[in-house]
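Data file: work36.cif. Format and content: mmCIF, C-alpha atoms.
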data_coords
#
loop_
_atom_site.label_atom_id
_atom_site.label_comp_id
_atom_site.auth_asym_id
_atom_site.auth_seq_id
_atom_site.Cartn_x
_atom_site.Cartn_y
_atom_site.Cartn_z
CA MET A 122 -18.14 0.21 -33.75
CA ILE A 123 -16.30 -2.97 -34.80
CA LEU A 124 -14.56 -1.00 -37.54
CA LEU A 125 -13.61 1.65 -35.04
CA ASP A 126 -12.08 -0.95 -32.69
CA PHE A 127 -10.19 -2.41 -35.61
CA ALA A 128 -8.83 0.98 -36.66
CA ARG A 129 -7.70 1.74 -33.10
CA LYS A 130 -5.81 -1.54 -32.76
CA LYS A 131 -3.96 -0.87 -35.98
CA GLY A 132 -3.07 2.61 -34.85
CA SER A 133 -0.97 3.79 -31.91
CA ALA A 134 -0.55 1.91 -28.64
CA THR A 135 -3.80 1.38 -26.74
CA SER A 136 -4.40 2.84 -23.29
CA ARG A 137 -4.51 -0.76 -22.06
CA SER A 138 -0.93 -1.42 -23.23
CA LYS A 139 0.21 1.85 -21.67
CA ALA A 140 -1.42 0.81 -18.40
CA ASN A 141 0.42 -2.51 -18.55
CA ASP A 142 3.79 -0.83 -19.20
CA ARG A 143 3.31 1.64 -16.37
CA LEU A 144 2.20 -1.08 -13.97
CA GLN A 145 5.17 -3.27 -14.89
CA THR A 146 7.59 -0.53 -13.87
CA VAL A 147 5.76 0.76 -10.82
CA LEU A 148 5.15 -2.71 -9.34
CA ALA A 149 8.80 -3.70 -9.80
CA HIS A 150 9.81 -0.60 -7.85
CA ASP A 151 7.08 -0.92 -5.20
CA ARG A 152 8.10 -4.50 -4.48
CA ILE A 153 11.66 -3.51 -3.55
CA GLY A 154 10.81 -0.07 -2.17
CA THR A 155 12.69 2.10 -4.67
CA SER A 156 11.71 4.88 -7.05
CA SER A 157 12.51 5.13 -10.75
CA GLY A 158 14.75 8.15 -10.04
CA ILE A 159 17.19 5.85 -8.27
CA MET A 160 17.78 3.90 -11.49
CA GLU A 161 19.48 6.83 -13.21
CA GLN A 162 21.79 7.40 -10.27
CA MET A 163 22.60 3.71 -10.02
CA LYS A 164 23.29 3.50 -13.74
CA LYS A 165 25.95 6.21 -13.37
CA GLU A 166 27.55 4.52 -10.39
CA VAL A 167 27.54 1.07 -12.00
CA ILE A 168 29.25 2.35 -15.12
CA GLN A 169 31.84 4.23 -13.04
CA VAL A 170 32.85 1.03 -11.28
CA ILE A 171 33.03 -1.01 -14.49
CA ARG A 172 34.95 1.67 -16.38
CA LYS A 173 37.70 1.62 -13.76
CA HIS A 174 38.65 -1.72 -15.24
CA ILE A 175 37.22 -2.06 -18.76
CA ASP A 176 35.91 0.17 -21.53
CA THR A 177 32.15 0.03 -22.04
CA GLU A 178 29.35 1.43 -24.15
CA GLU A 179 26.32 3.03 -22.48
CA PRO A 180 24.72 0.40 -20.20
CA GLU A 181 21.04 -0.50 -20.14
CA VAL A 182 19.70 -0.77 -16.59
CA ASN A 183 16.10 -1.95 -16.22
CA LEU A 184 14.00 -3.09 -13.31
CA THR A 185 11.47 -5.73 -14.39
CA SER A 186 9.41 -8.45 -12.78
CA ARG A 187 9.66 -12.20 -12.96
CA GLY A 188 6.53 -13.47 -11.28
CA ARG A 189 6.24 -11.49 -8.07
CA GLN A 190 10.01 -11.05 -7.90
CA SER A 191 11.68 -7.84 -9.05
CA VAL A 192 14.71 -8.42 -11.27
CA LEU A 193 17.48 -5.95 -12.01
CA ASP A 194 18.48 -6.36 -15.61
CA ILE A 195 21.88 -4.78 -16.42
CA ASN A 196 23.19 -5.02 -19.94
CA ILE A 197 26.61 -3.50 -20.61
CA PRO A 198 28.08 -3.81 -24.09
CA LEU A 199 31.90 -3.75 -23.92
CA LYS A 200 34.08 -1.81 -26.37
CA GLY A 201 36.35 -3.91 -28.60
CA ARG A 202 39.92 -2.88 -29.35
CA MET B 291 -7.01 -24.85 2.40
CA LYS B 292 -10.65 -25.33 3.36
CA GLU B 293 -10.50 -28.12 5.92
CA PRO B 294 -14.04 -28.71 7.15
CA SER B 295 -12.70 -30.90 9.98
CA ASN B 296 -11.13 -27.82 11.60
CA GLY B 297 -14.53 -26.24 12.03
CA GLY B 298 -15.20 -23.10 10.05
CA GLN B 299 -12.90 -21.07 7.86
CA VAL B 300 -12.08 -17.44 8.45
CA VAL B 301 -11.65 -15.54 5.18
CA VAL B 302 -10.52 -11.92 5.02
CA ILE B 303 -11.75 -9.84 2.07
CA THR B 304 -9.24 -7.06 1.46
CA SER B 305 -7.98 -4.72 -1.28
CA GLY B 306 -5.75 -1.88 -0.09
CA LYS B 307 -7.66 0.70 -2.10
CA GLY B 308 -11.12 1.73 -0.99
CA GLY B 309 -14.20 1.59 -3.18
CA VAL B 310 -13.26 -1.47 -5.24
CA GLY B 311 -16.09 -3.65 -3.89
CA LYS B 312 -14.95 -5.36 -0.67
CA THR B 313 -18.23 -4.85 1.18
CA THR B 314 -20.24 -5.81 -1.91
CA THR B 315 -18.16 -8.98 -2.22
CA VAL B 316 -18.55 -9.87 1.48
CA THR B 317 -22.30 -9.26 1.29
CA ASN B 318 -22.97 -11.26 -1.84
CA VAL B 319 -20.58 -14.13 -1.22
CA SER B 320 -21.90 -14.54 2.35
CA MET B 321 -25.42 -14.66 1.00
CA GLY B 322 -24.38 -17.09 -1.74
CA LEU B 323 -22.80 -19.40 0.82
CA ALA B 324 -25.98 -19.20 2.90
CA GLN B 325 -27.98 -20.14 -0.22
CA LEU B 326 -25.68 -23.15 -0.58
CA GLY B 327 -26.65 -24.23 2.94
CA CYS B 328 -23.55 -23.04 4.84
CA LYS B 329 -23.76 -21.33 8.20
CA VAL B 330 -22.15 -17.94 7.70
CA VAL B 331 -21.11 -14.81 9.61
CA ALA B 332 -20.24 -11.62 7.73
CA MET B 333 -18.12 -9.50 10.07
CA ASP B 334 -17.50 -5.77 9.61
CA LEU B 335 -14.08 -4.71 10.90
CA ASP B 336 -14.19 -1.21 9.46
CA ILE B 337 -14.56 0.25 12.95
CA GLY B 338 -15.66 3.90 12.70
CA LEU B 339 -16.77 3.65 9.06
CA LYS B 340 -19.24 0.80 9.02
CA LYS B 341 -21.16 -0.08 5.89
CA LEU B 342 -21.80 -3.82 5.85
CA ASP B 343 -25.09 -3.44 7.75
CA LEU B 344 -26.32 -0.97 5.13
CA ILE B 345 -25.20 -2.95 2.08
CA MET B 346 -26.76 -6.13 3.49
CA GLY B 347 -29.97 -4.20 4.21
CA LEU B 348 -29.83 -5.04 7.93
CA GLU B 349 -29.20 -1.57 9.39
CA ASN B 350 -32.54 -1.48 11.22
CA ARG B 351 -31.78 -4.67 13.11
CA VAL B 352 -28.49 -3.61 14.66
CA ILE B 353 -28.55 -3.36 18.46
CA TYR B 354 -25.00 -4.08 19.61
CA ASP B 355 -21.64 -3.99 17.83
CA ILE B 356 -18.35 -5.88 17.82
CA VAL B 357 -16.58 -3.49 20.19
CA GLN B 358 -19.31 -4.04 22.79
CA VAL B 359 -18.82 -7.79 22.40
CA LEU B 360 -15.06 -7.48 22.86
CA GLU B 361 -15.49 -5.21 25.88
CA GLY B 362 -17.97 -7.61 27.48
CA GLU B 363 -20.97 -5.28 27.32
CA CYS B 364 -23.00 -7.92 25.51
CA THR B 365 -22.62 -11.50 24.33
CA LEU B 366 -21.64 -12.50 20.80
CA ARG B 367 -25.07 -14.09 20.38
CA GLN B 368 -26.78 -10.81 21.28
CA ALA B 369 -24.70 -8.83 18.82
CA LEU B 370 -25.08 -11.16 15.82
CA VAL B 371 -27.77 -9.80 13.52
CA LYS B 372 -29.84 -12.48 11.83
CA ASP B 373 -30.50 -11.98 8.14
CA ARG B 374 -34.11 -11.43 7.05
CA ARG B 375 -33.86 -13.81 4.11
CA PHE B 376 -31.59 -16.66 5.20
CA PRO B 377 -31.85 -18.15 8.72
CA ASN B 378 -28.24 -19.45 8.53
CA LEU B 379 -26.72 -16.03 7.71
CA PHE B 380 -25.58 -13.57 10.39
CA MET B 381 -23.86 -10.20 10.42
CA LEU B 382 -21.59 -8.83 13.14
CA PRO B 383 -21.69 -5.02 12.90
CA ALA B 384 -18.77 -2.65 13.36
CA ALA B 385 -19.00 0.24 15.85
CA GLN B 386 -19.58 3.60 14.19
CA THR B 387 -18.47 5.88 17.02
CA ARG B 388 -15.23 4.09 17.92
CA ASN B 389 -11.96 3.67 16.03
CA LYS B 390 -9.55 0.99 14.87
CA ASP B 391 -7.36 1.25 17.98
CA ASP B 392 -10.25 0.14 20.19
CA ILE B 393 -9.73 -3.49 19.18
CA ASN B 394 -6.62 -5.64 18.87
CA GLU B 395 -5.42 -8.72 16.99
CA GLU B 396 -5.61 -11.01 20.02
CA GLN B 397 -9.28 -10.15 20.60
CA ILE B 398 -10.14 -10.90 16.96
CA LYS B 399 -8.31 -14.23 17.12
CA ASN B 400 -10.25 -15.25 20.21
CA LEU B 401 -13.56 -14.11 18.78
CA CYS B 402 -12.98 -15.99 15.50
CA ALA B 403 -11.90 -19.14 17.35
CA GLU B 404 -15.21 -19.02 19.21
CA MET B 405 -17.24 -18.48 16.01
CA LYS B 406 -15.40 -21.22 14.09
CA LYS B 407 -17.05 -23.79 16.33
CA ASP B 408 -20.53 -22.79 15.20
CA PHE B 409 -20.10 -21.49 11.66
CA ASP B 410 -18.80 -22.85 8.34
CA PHE B 411 -17.58 -19.48 7.08
CA ILE B 412 -16.61 -16.23 8.76
CA LEU B 413 -16.07 -13.52 6.15
CA ILE B 414 -14.22 -10.43 7.34
CA ASP B 415 -14.88 -7.09 5.66
CA CYS B 416 -11.46 -5.43 5.98
CA PRO B 417 -11.10 -1.63 6.00
CA ALA B 418 -9.15 0.08 3.20
CA GLY B 419 -5.53 0.89 3.99
CA ILE B 420 -2.58 -1.03 5.42
CA GLU B 421 -2.67 0.14 9.02
CA ARG B 422 -4.13 -1.16 12.27
CA GLY B 423 -7.52 -2.08 10.80
CA PHE B 424 -5.86 -4.23 8.15
CA ARG B 425 -3.67 -5.94 10.78
CA ASN B 426 -6.72 -6.70 12.93
CA SER B 427 -8.60 -8.06 9.92
CA ILE B 428 -5.93 -10.52 8.78
CA ALA B 429 -4.96 -11.69 12.29
CA ALA B 430 -7.40 -14.59 12.45
CA ALA B 431 -7.84 -15.36 8.74
CA ASP B 432 -7.09 -18.81 7.31
CA TRP B 433 -6.95 -17.44 3.79
CA ALA B 434 -7.45 -14.17 1.98
CA VAL B 435 -9.34 -12.75 -0.97
CA VAL B 436 -7.97 -9.62 -2.64
CA VAL B 437 -10.56 -7.59 -4.55
CA THR B 438 -9.37 -5.30 -7.32
CA ASN B 439 -10.66 -3.37 -10.34
CA PRO B 440 -9.03 -3.36 -13.79
CA GLU B 441 -7.49 0.04 -13.14
CA VAL B 442 -3.83 0.93 -12.41
CA SER B 443 -4.19 2.39 -8.90
CA ALA B 444 -6.35 -0.50 -7.66
CA VAL B 445 -3.86 -3.01 -9.11
CA ARG B 446 -0.93 -1.23 -7.49
CA ASP B 447 -2.63 -1.28 -4.08
CA ALA B 448 -3.65 -4.92 -4.57
CA ASP B 449 0.00 -5.78 -5.25
CA ARG B 450 1.07 -4.07 -2.04
CA ILE B 451 -1.58 -5.94 -0.05
CA ILE B 452 -0.54 -9.27 -1.60
CA GLY B 453 3.07 -8.54 -0.59
CA MET B 454 1.97 -7.78 2.97
CA LEU B 455 -0.17 -10.93 3.15
CA GLU B 456 2.75 -12.99 1.88
CA SER B 457 5.08 -11.55 4.50
CA SER B 458 2.43 -12.40 7.11
CA GLN B 459 2.77 -16.05 5.98
CA PHE B 460 -0.46 -16.26 3.97
CA LYS B 461 -0.15 -19.19 1.58
CA ASP B 462 -3.61 -19.02 0.09
CA ILE B 463 -4.48 -15.68 -1.54
CA LYS B 464 -7.18 -15.48 -4.21
CA LEU B 465 -8.13 -12.66 -6.56
CA VAL B 466 -11.56 -11.20 -7.35
CA ILE B 467 -11.62 -8.88 -10.36
CA ASN B 468 -14.61 -6.61 -9.95
CA ARG B 469 -16.27 -4.17 -12.37
CA ILE B 470 -14.70 -5.43 -15.57
CA ARG B 471 -16.14 -4.20 -18.85
CA PRO B 472 -15.39 -6.77 -21.56
CA GLU B 473 -16.22 -4.37 -24.40
CA MET B 474 -13.62 -1.88 -23.12
CA VAL B 475 -11.02 -4.65 -22.79
CA ARG B 476 -11.69 -5.64 -26.39
CA GLY B 477 -11.43 -2.02 -27.48
CA GLY B 478 -7.96 -1.84 -25.91
CA ASP B 479 -9.04 0.60 -23.21
CA MET B 480 -9.15 -1.59 -20.11
CA LEU B 481 -6.74 -4.04 -18.47
CA SER B 482 -7.81 -7.63 -19.16
CA ILE B 483 -8.12 -10.58 -16.76
CA ASP B 484 -4.83 -11.95 -18.08
CA ASP B 485 -3.11 -8.57 -17.69
CA LEU B 486 -4.11 -8.49 -14.01
CA LEU B 487 -3.08 -12.09 -13.43
CA ASN B 488 0.29 -11.43 -15.08
CA HIS B 489 0.96 -8.47 -12.81
CA LEU B 490 -0.36 -9.90 -9.55
CA CYS B 491 0.58 -13.60 -9.99
CA ILE B 492 -2.12 -15.07 -7.72
CA ASP B 493 -5.00 -17.44 -8.46
CA LEU B 494 -8.35 -16.14 -9.61
CA ILE B 495 -11.53 -16.92 -7.68
CA GLY B 496 -13.96 -14.58 -9.40
CA ILE B 497 -14.66 -12.19 -12.25
CA VAL B 498 -17.55 -9.77 -11.73
CA PRO B 499 -18.64 -7.70 -14.72
CA GLU B 500 -19.71 -4.07 -14.31
CA ASP B 501 -23.44 -4.10 -13.63
CA ASP B 502 -25.78 -1.12 -13.01
CA GLY B 503 -27.88 -3.45 -10.88
CA VAL B 504 -25.28 -3.20 -8.08
CA VAL B 505 -26.11 0.48 -7.52
CA ILE B 506 -29.82 -0.34 -7.43
CA SER B 507 -29.28 -3.19 -4.99
CA THR B 508 -27.28 -1.00 -2.60
CA ASN B 509 -30.03 1.60 -2.80
CA THR B 510 -32.66 -0.92 -1.74
CA GLY B 511 -30.57 -3.10 0.59
CA GLU B 512 -31.39 -6.17 -1.49
CA PRO B 513 -28.00 -7.67 -2.47
CA ILE B 514 -27.54 -8.28 -6.22
CA ILE B 515 -27.08 -12.03 -5.69
CA LEU B 516 -30.82 -12.22 -4.97
CA ASN B 517 -31.32 -11.29 -8.62
CA GLN B 518 -30.04 -14.36 -10.46
CA ARG B 519 -30.85 -12.73 -13.79
CA SER B 520 -28.16 -10.10 -13.27
CA MET B 521 -24.62 -10.75 -14.52
CA ALA B 522 -23.01 -9.59 -11.27
CA GLY B 523 -25.43 -11.63 -9.17
CA ARG B 524 -24.54 -14.79 -11.05
CA ALA B 525 -20.84 -13.98 -10.87
CA PHE B 526 -21.02 -13.60 -7.07
CA TYR B 527 -22.96 -16.84 -6.78
CA ASN B 528 -20.19 -18.58 -8.74
CA ILE B 529 -17.61 -17.15 -6.31
CA ALA B 530 -19.61 -18.55 -3.39
CA ARG B 531 -19.63 -21.97 -5.08
CA ARG B 532 -15.84 -21.78 -5.50
CA PHE B 533 -15.50 -20.89 -1.79
CA ASN B 534 -17.48 -24.05 -1.18
CA ASN B 535 -14.93 -26.10 -3.19
CA GLU B 536 -17.02 -26.48 -6.33
CA GLU B 537 -15.28 -26.32 -9.69
CA VAL B 538 -17.02 -23.59 -11.66
CA PRO B 539 -15.63 -22.48 -15.04
CA PHE B 540 -14.80 -18.81 -15.65
CA LEU B 541 -16.23 -16.81 -18.51
CA ASP B 542 -13.70 -16.27 -21.26
CA LEU B 543 -13.67 -12.52 -21.81
CA ASN B 544 -10.63 -12.51 -24.09
CA HIS B 545 -12.53 -12.26 -27.30
CA THR B 546 -11.05 -10.68 -30.38
CA GLY B 547 -14.13 -8.54 -30.85
CA SER B 548 -15.24 -10.23 -34.06
CA LEU B 549 -18.93 -10.32 -34.91
CA TRP B 550 -18.96 -14.06 -34.23
CA ASP B 551 -17.51 -13.52 -30.73
CA ARG B 552 -20.14 -10.94 -30.01
CA ILE B 553 -22.91 -13.28 -31.10
CA ARG B 554 -21.39 -16.09 -29.07
CA GLU B 555 -21.13 -13.83 -26.05
CA PHE B 556 -24.71 -12.72 -26.46
CA PHE B 557 -25.94 -16.30 -26.28
CA SER B 558 -23.48 -17.43 -23.66
CA LYS B 559 -25.08 -18.34 -20.35
CA GLN B 560 -21.84 -18.67 -18.38
CA VAL B 561 -20.68 -15.78 -16.28
CA GLY B 562 -17.56 -15.34 -14.20
#
Same coordinates, now as structure tokens:
Amino acid sequence: MILLDFARKKGSATSRSKANDRLQTVLAHDRIGTSSGIMEQMKKEVIQVIRKHIDTEEPEVNLTSRGRQSVLDINIPLKGR
Amino acid sequence: MKEPSNGGQVVVITSGKGGVGKTTTVTNVSMGLAQLGCKVVAMDLDIGLKKLDLIMGLENRVIYDIVQVLEGECTLRQALVKDRRFPNLFMLPAAQTRNKDDINEEQIKNLCAEMKKDFDFILIDCPAGIERGFRNSIAAADWAVVVTNPEVSAVRDADRIIGMLESSQFKDIKLVINRIRPEMVRGGDMLSIDDLLNHLCIDLIGIVPEDDGVVISTNTGEPIILNQRSMAGRAFYNIARRFNNEEVPFLDLNHTGSLWDRIREFFSKQVG
């Protein structure tokens, strides 16, 4: 049994870590009343606005939590000349 | 929190999701507080779906219910059901044939104000959901306990309830984690205490391990806290002591799963 536990931990992600990842996302959305589908749409709109002025790579848009506060994390690498 | 000079404290036990152990928590913590010498009322606000009388094993003593008290058909004293085991423990039953709209927040506030004069603790068994019954249940509460299970849907609902309590100006919200299975946490197949605290960001007041004895105790109407040899019974007793402002250490369930940890756990007398 102990060996089995050990083998599992070494292997792929546990169901516990999957539960934590899923909760992280769903709680961040629940707290501000959005759905994860909105993120894709917003990502497109954000990049449209930025690209009017400067050249960018693909942005990373993530909703995470800091304490009980949802935080929108936008990371946009800019293209060099 | 917990100002004895103000008379009693009203505590709402809530969860969002049904079936996580609210009624079991109300029953056992009320009984634990009675064992500690407090004068306690356990109040069922799940109008239309009552269960507190059954879980406490007092269903045969019910004559009146809370709606009859609020409508003036009987007095509060007549409706309070005295516990068989502890003379300082009472239960106020819900009405089974009425619904949540038959009572309102103002009535609950008045009723609790009256009971606070005579009792140290008034524990409210809140219905599942976020509608009228929840609103009625939190209206008079001084602080709140959120019960959850280490399972994604229960945690999600708990988070929603905590958000609603916070927007209703609750400053003191405590968490009970019920039905945890340490061996599954160690095996990587169940959310841990720390996982839940990281997601929900509120203070812990109790950890209750999964215990088959709970099913047996609901069958017989003898709450698990009466069996101090059971893990869950001891865990509920510890929660009652924390309600009563005692510092009681929590069991550390975050073992690595090594043989030594298992031996240590086996001999450990502390429970959450």
Using the chain letters and numbering of this document, enumerate as a ChimeraX atom specification the residues selected by the PyMOL selection byres ((chain B and resi 392) around 12).
/B:335-338,356-361,384-391,393-395,397-398,422-423,426
Output the contact residues of chain B with respect to chain A at a cut-off of 12 Å, based on only C-alpha atoms, as a ChimeraX atom specification.
/B:440-454,456-457,473-492,546-552
Please produce an output containing C-alpha atoms for each residue in the selection, written as a PDB file, keeping the file's coordinate frame.
ATOM      1  CA  PRO B 440      -9.030  -3.360 -13.790  1.00  0.00           C
ATOM      2  CA  GLU B 441      -7.490   0.040 -13.140  1.00  0.00           C
ATOM      3  CA  VAL B 442      -3.830   0.930 -12.410  1.00  0.00           C
ATOM      4  CA  SER B 443      -4.190   2.390  -8.900  1.00  0.00           C
ATOM      5  CA  ALA B 444      -6.350  -0.500  -7.660  1.00  0.00           C
ATOM      6  CA  VAL B 445      -3.860  -3.010  -9.110  1.00  0.00           C
ATOM      7  CA  ARG B 446      -0.930  -1.230  -7.490  1.00  0.00           C
ATOM      8  CA  ASP B 447      -2.630  -1.280  -4.080  1.00  0.00           C
ATOM      9  CA  ALA B 448      -3.650  -4.920  -4.570  1.00  0.00           C
ATOM     10  CA  ASP B 449       0.000  -5.780  -5.250  1.00  0.00           C
ATOM     11  CA  ARG B 450       1.070  -4.070  -2.040  1.00  0.00           C
ATOM     12  CA  ILE B 451      -1.580  -5.940  -0.050  1.00  0.00           C
ATOM     13  CA  ILE B 452      -0.540  -9.270  -1.600  1.00  0.00           C
ATOM     14  CA  GLY B 453       3.070  -8.540  -0.590  1.00  0.00           C
ATOM     15  CA  MET B 454       1.970  -7.780   2.970  1.00  0.00           C
ATOM     16  CA  GLU B 456       2.750 -12.990   1.880  1.00  0.00           C
ATOM     17  CA  SER B 457       5.080 -11.550   4.500  1.00  0.00           C
ATOM     18  CA  GLU B 473     -16.220  -4.370 -24.400  1.00  0.00           C
ATOM     19  CA  MET B 474     -13.620  -1.880 -23.120  1.00  0.00           C
ATOM     20  CA  VAL B 475     -11.020  -4.650 -22.790  1.00  0.00           C
ATOM     21  CA  ARG B 476     -11.690  -5.640 -26.390  1.00  0.00           C
ATOM     22  CA  GLY B 477     -11.430  -2.020 -27.480  1.00  0.00           C
ATOM     23  CA  GLY B 478      -7.960  -1.840 -25.910  1.00  0.00           C
ATOM     24  CA  ASP B 479      -9.040   0.600 -23.210  1.00  0.00           C
ATOM     25  CA  MET B 480      -9.150  -1.590 -20.110  1.00  0.00           C
ATOM     26  CA  LEU B 481      -6.740  -4.040 -18.470  1.00  0.00           C
ATOM     27  CA  SER B 482      -7.810  -7.630 -19.160  1.00  0.00           C
ATOM     28  CA  ILE B 483      -8.120 -10.580 -16.760  1.00  0.00           C
ATOM     29  CA  ASP B 484      -4.830 -11.950 -18.080  1.00  0.00           C
ATOM     30  CA  ASP B 485      -3.110  -8.570 -17.690  1.00  0.00           C
ATOM     31  CA  LEU B 486      -4.110  -8.490 -14.010  1.00  0.00           C
ATOM     32  CA  LEU B 487      -3.080 -12.090 -13.430  1.00  0.00           C
ATOM     33  CA  ASN B 488       0.290 -11.430 -15.080  1.00  0.00           C
ATOM     34  CA  HIS B 489       0.960  -8.470 -12.810  1.00  0.00           C
ATOM     35  CA  LEU B 490      -0.360  -9.900  -9.550  1.00  0.00           C
ATOM     36  CA  CYS B 491       0.580 -13.600  -9.990  1.00  0.00           C
ATOM     37  CA  ILE B 492      -2.120 -15.070  -7.720  1.00  0.00           C
ATOM     38  CA  THR B 546     -11.050 -10.680 -30.380  1.00  0.00           C
ATOM     39  CA  GLY B 547     -14.130  -8.540 -30.850  1.00  0.00           C
ATOM     40  CA  SER B 548     -15.240 -10.230 -34.060  1.00  0.00           C
ATOM     41  CA  LEU B 549     -18.930 -10.320 -34.910  1.00  0.00           C
ATOM     42  CA  TRP B 550     -18.960 -14.060 -34.230  1.00  0.00           C
ATOM     43  CA  ASP B 551     -17.510 -13.520 -30.730  1.00  0.00           C
ATOM     44  CA  ARG B 552     -20.140 -10.940 -30.010  1.00  0.00           C
TER      45      ARG B 552
END
Separation of atom CA of A:Pro198 and atom CA of A:Glu181, in Å?
8.7 Å
Each side padded by 4 Å, which centre and which edge lengths in Å (one decimal) define the axis-aligned box around the listed atoms of stretch 426-439 of chain B? Give them as AutoDock Vina command-line options.
--center_x -7.8 --center_y -11.1 --center_z 1.3 --size_x 13.7 --size_y 23.4 --size_z 31.3
Exercise: stretch 155-162 of chain A partners within 8 Å, all atoms listed in the file, chain neighbours under 3 positions left out, as a list in words:
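That gives His150, Asp151, Lys165, Glu166, Val182 and Asn183 of chain A.
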Nearby residues, (-7.8, 1.3, -1.5) file frame, 7 Å, only C-alpha atoms, as a list in words
Ser305, Gly306, Lys307, Gly308, Gly309, Ala418, Gly419, Ala444 and Asp447 of chain B
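Taking atom CA of B:Asp493 as the reference point, atom CA of B:Leu465 is found at 6.0 Å.
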May I ask for the distance between atom CA of B:Arg532 and atom CA of B:Leu401, given in Å to one decimal place?
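That distance, rounded to one decimal, is 25.6 Å.
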Run the PyMOL selection byres ((chain B and resi 313) around 10) against the file shown and list the residues it catches, as a ChimeraX atom specification.
/B:303-304,308-312,314-319,332,334,336,340-346,414-417,437
Using only C-alpha atoms, please write the residues we just selected to a file, as a PDB file, keeping the file's coordinate frame.
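Here's the written file out.pdb:
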ATOM      1  CA  ILE B 303     -11.750  -9.840   2.070  1.00  0.00           C
ATOM      2  CA  THR B 304      -9.240  -7.060   1.460  1.00  0.00           C
ATOM      3  CA  GLY B 308     -11.120   1.730  -0.990  1.00  0.00           C
ATOM      4  CA  GLY B 309     -14.200   1.590  -3.180  1.00  0.00           C
ATOM      5  CA  VAL B 310     -13.260  -1.470  -5.240  1.00  0.00           C
ATOM      6  CA  GLY B 311     -16.090  -3.650  -3.890  1.00  0.00           C
ATOM      7  CA  LYS B 312     -14.950  -5.360  -0.670  1.00  0.00           C
ATOM      8  CA  THR B 314     -20.240  -5.810  -1.910  1.00  0.00           C
ATOM      9  CA  THR B 315     -18.160  -8.980  -2.220  1.00  0.00           C
ATOM     10  CA  VAL B 316     -18.550  -9.870   1.480  1.00  0.00           C
ATOM     11  CA  THR B 317     -22.300  -9.260   1.290  1.00  0.00           C
ATOM     12  CA  ASN B 318     -22.970 -11.260  -1.840  1.00  0.00           C
ATOM     13  CA  VAL B 319     -20.580 -14.130  -1.220  1.00  0.00           C
ATOM     14  CA  ALA B 332     -20.240 -11.620   7.730  1.00  0.00           C
ATOM     15  CA  ASP B 334     -17.500  -5.770   9.610  1.00  0.00           C
ATOM     16  CA  ASP B 336     -14.190  -1.210   9.460  1.00  0.00           C
ATOM     17  CA  LYS B 340     -19.240   0.800   9.020  1.00  0.00           C
ATOM     18  CA  LYS B 341     -21.160  -0.080   5.890  1.00  0.00           C
ATOM     19  CA  LEU B 342     -21.800  -3.820   5.850  1.00  0.00           C
ATOM     20  CA  ASP B 343     -25.090  -3.440   7.750  1.00  0.00           C
ATOM     21  CA  LEU B 344     -26.320  -0.970   5.130  1.00  0.00           C
ATOM     22  CA  ILE B 345     -25.200  -2.950   2.080  1.00  0.00           C
ATOM     23  CA  MET B 346     -26.760  -6.130   3.490  1.00  0.00           C
ATOM     24  CA  ILE B 414     -14.220 -10.430   7.340  1.00  0.00           C
ATOM     25  CA  ASP B 415     -14.880  -7.090   5.660  1.00  0.00           C
ATOM     26  CA  CYS B 416     -11.460  -5.430   5.980  1.00  0.00           C
ATOM     27  CA  PRO B 417     -11.100  -1.630   6.000  1.00  0.00           C
ATOM     28  CA  VAL B 437     -10.560  -7.590  -4.550  1.00  0.00           C
TER      29      VAL B 437
END
Please determine, counting only C-alpha atoms, which residue among A:Lys173, A:Asn196, A:Ile168, A:Ser191 has the shortest atom-to-atom distance to A:Gly154.
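Smallest distance to A:Gly154 is found for A:Ser191.
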Who sits within 9 Å of B:Phe526, only C-alpha atoms, same chain under 6 positions skipped, as a list in words
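Returned residues: Thr315, Asn318, Val319, Gly322, Gly496, Ile497, Val498, Ile514, Ile515 and Gly562 of chain B.
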Selected by the PyMOL selection byres ((chain B and resi 406) around 12) in the shown coordinates: which residues, as a PyMOL selection string?
chain B and resi 293-301+329-331+398-405+407-413+430-432
